[in-house]
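I have placed the structure first, in the form of structure tokens, so that the comments after it can refer back to it.
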Amino acid sequence: MADESVSVTFGSLWDVKALHRMVMNRKFEGPDDVFFGSPQLAAAQNAMFEALVRAEPLKASQWLSWRNARGHELVLDRVRQHLQDHRELVATMEPAARRSYVESLLAPLTADLELLTELTNG
């Protein structure tokens, strides 16, 4: 299979930060839609996050701390509500698929094993 990766160059770090913030706000404060839980959007968000960490090596520890989902209670509430609203669909997923879905819902945030287990198993 051919490499399907694509590189994008931004004019400044502030452009990446603006896009990151806009996507976060839209994802977690906007209406529930097909993009919420999208693995493609999650991959893009994770790539933006990694770009931010690389662009600001002196702030890497702050970015990594920010990424911990436990520090974002409103996001967790949104994810929990989504999982509750779609519990019948989520219940039909294989455990690995359900875990992957929860990780996509959280992206670019990450959950420790305890939180991931809680969210995955409801």
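In the structure tokens, chains take the letters A, B, ... in the order shown, each chain's residues start at 1, and ligands count up from 1 in the order shown.
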- Message: Need to verify the contact set: Val23 (chain A), 12 Å, only C-alpha atoms, exclusion of same-chain residues closer than 4 positions in sequence. Can you return it as number ranges by chain?
- Response: A: 16-19, 27-30, 35-36, 41-42, 44-46, 48-49, 107-108
Any chance you can output those residues with N, CA and C atoms as an mmCIF file, in the first residue's frame?
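Result file part17.cif:
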data_model
loop_
_atom_site.group_PDB
_atom_site.id
_atom_site.type_symbol
_atom_site.label_atom_id
_atom_site.label_comp_id
_atom_site.auth_asym_id
_atom_site.auth_seq_id
_atom_site.Cartn_x
_atom_site.Cartn_y
_atom_site.Cartn_z
ATOM 1 N N VAL A 16 -1.350 27.259 13.865
ATOM 2 C CA VAL A 16 -1.620 25.908 14.358
ATOM 3 C C VAL A 16 -2.420 25.974 15.654
ATOM 4 N N LYS A 17 -2.039 26.883 16.544
ATOM 5 C CA LYS A 17 -2.770 27.030 17.805
ATOM 6 C C LYS A 17 -4.213 27.452 17.563
ATOM 7 N N ALA A 18 -4.430 28.347 16.610
ATOM 8 C CA ALA A 18 -5.791 28.798 16.299
ATOM 9 C C ALA A 18 -6.631 27.644 15.760
ATOM 10 N N LEU A 19 -6.072 26.864 14.856
ATOM 11 C CA LEU A 19 -6.802 25.721 14.304
ATOM 12 C C LEU A 19 -7.086 24.686 15.393
ATOM 13 N N LYS A 27 -15.568 20.691 18.413
ATOM 14 C CA LYS A 27 -15.793 19.287 18.742
ATOM 15 C C LYS A 27 -16.523 19.132 20.075
ATOM 16 N N PHE A 28 -16.088 19.859 21.082
ATOM 17 C CA PHE A 28 -16.623 19.630 22.423
ATOM 18 C C PHE A 28 -17.712 20.613 22.848
ATOM 19 N N GLU A 29 -17.888 21.692 22.101
ATOM 20 C CA GLU A 29 -18.929 22.655 22.447
ATOM 21 C C GLU A 29 -19.994 22.764 21.367
ATOM 22 N N GLY A 30 -19.755 22.150 20.214
ATOM 23 C CA GLY A 30 -20.712 22.200 19.112
ATOM 24 C C GLY A 30 -21.709 21.071 19.202
ATOM 25 N N PHE A 35 -18.768 13.966 12.960
ATOM 26 C CA PHE A 35 -17.345 14.189 13.198
ATOM 27 C C PHE A 35 -16.936 13.861 14.630
ATOM 28 N N PHE A 36 -17.906 13.841 15.533
ATOM 29 C CA PHE A 36 -17.608 13.522 16.926
ATOM 30 C C PHE A 36 -17.382 12.015 17.010
ATOM 31 N N LEU A 41 -10.748 12.592 12.146
ATOM 32 C CA LEU A 41 -10.590 13.839 12.887
ATOM 33 C C LEU A 41 -9.661 13.632 14.076
ATOM 34 N N ALA A 42 -9.789 12.511 14.751
ATOM 35 C CA ALA A 42 -8.909 12.206 15.887
ATOM 36 C C ALA A 42 -7.456 12.155 15.433
ATOM 37 N N ALA A 44 -6.128 13.692 12.862
ATOM 38 C CA ALA A 44 -5.706 15.063 12.555
ATOM 39 C C ALA A 44 -5.442 15.845 13.840
ATOM 40 N N GLN A 45 -6.298 15.683 14.831
ATOM 41 C CA GLN A 45 -6.101 16.382 16.104
ATOM 42 C C GLN A 45 -4.825 15.910 16.795
ATOM 43 N N ASN A 46 -4.581 14.614 16.765
ATOM 44 C CA ASN A 46 -3.363 14.094 17.377
ATOM 45 C C ASN A 46 -2.123 14.607 16.646
ATOM 46 N N MET A 48 -1.895 17.477 15.022
ATOM 47 C CA MET A 48 -1.737 18.888 15.405
ATOM 48 C C MET A 48 -1.117 19.001 16.788
ATOM 49 N N PHE A 49 -1.571 18.158 17.706
ATOM 50 C CA PHE A 49 -1.013 18.187 19.054
ATOM 51 C C PHE A 49 0.483 17.889 19.022
ATOM 52 N N ALA A 107 -9.855 12.473 21.619
ATOM 53 C CA ALA A 107 -8.702 13.066 20.935
ATOM 54 C C ALA A 107 -8.850 14.584 20.794
ATOM 55 N N PRO A 108 -7.768 15.286 21.023
ATOM 56 C CA PRO A 108 -6.392 14.847 21.208
ATOM 57 C C PRO A 108 -6.039 14.539 22.661
#
- Residue neighbourhood region 113-118 of chain A, 10 Å, only C-alpha atoms, exclusion window fewer than 5 positions, as a ChimeraX atom specification: /A:69-70,76,80,99-100,102-103,106
- Quick one: pick out all alpha helix (DSSP H) residues within region 55-91 of chain A from a backbone DSSP run and write them as number ranges by chain. A: 55, 60-66, 73-85, 87-91
Generate a file of the selected residues that holds C-alpha atoms, formatted as an mmCIF file, in the first residue's frame.
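Generated file (result_13.cif):
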data_model
loop_
_atom_site.group_PDB
_atom_site.id
_atom_site.type_symbol
_atom_site.label_atom_id
_atom_site.label_comp_id
_atom_site.auth_asym_id
_atom_site.auth_seq_id
_atom_site.Cartn_x
_atom_site.Cartn_y
_atom_site.Cartn_z
ATOM 1 C CA ALA A 55 7.178 23.484 17.932
ATOM 2 C CA ALA A 60 6.354 20.144 26.046
ATOM 3 C CA SER A 61 5.677 19.147 29.652
ATOM 4 C CA GLN A 62 2.847 21.690 29.856
ATOM 5 C CA TRP A 63 1.314 20.383 26.640
ATOM 6 C CA LEU A 64 1.599 16.790 27.844
ATOM 7 C CA SER A 65 -0.023 17.705 31.147
ATOM 8 C CA TRP A 66 -2.813 19.544 29.279
ATOM 9 C CA GLU A 73 -14.187 17.691 33.212
ATOM 10 C CA LEU A 74 -16.480 19.411 30.681
ATOM 11 C CA VAL A 75 -15.003 17.293 27.885
ATOM 12 C CA LEU A 76 -15.443 14.159 29.968
ATOM 13 C CA ASP A 77 -19.051 15.129 30.675
ATOM 14 C CA ARG A 78 -19.629 15.568 26.936
ATOM 15 C CA VAL A 79 -18.055 12.197 26.124
ATOM 16 C CA ARG A 80 -20.022 10.446 28.877
ATOM 17 C CA GLN A 81 -23.256 12.018 27.628
ATOM 18 C CA HIS A 82 -22.501 10.973 24.056
ATOM 19 C CA LEU A 83 -21.805 7.408 25.146
ATOM 20 C CA GLN A 84 -25.034 7.379 27.163
ATOM 21 C CA ASP A 85 -27.074 8.824 24.281
ATOM 22 C CA ARG A 87 -25.437 3.304 24.389
ATOM 23 C CA GLU A 88 -27.308 0.843 22.154
ATOM 24 C CA LEU A 89 -24.904 1.388 19.262
ATOM 25 C CA VAL A 90 -21.840 1.404 21.535
ATOM 26 C CA ALA A 91 -22.993 -1.850 23.155
#
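Taking CA of Phe10 (chain A) and CA of Arg54 (chain A) as the two end points, the separation is 13.6 Å.
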- Message: Please report the interatomic distance between CA of Arg98 (chain A) and CA of Ser5 (chain A) in Å with one decimal.
- Response: 25.5 Å
- Message: Using only C-alpha atoms, can you tell me which of A:Ser38, A:Asn121, A:Asn68, A:Thr92 comes closest to Leu105 (chain A)?
- Response: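 Smallest separation from Leu105 (chain A) among the options: A:Ser38.
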- Atomic separation - CA of Ser104 (chain A) relative to CA of Asp32 (chain A), Å: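 Computed distance, CA of Asp32 (chain A) to CA of Ser104 (chain A), equals 13.8 Å.
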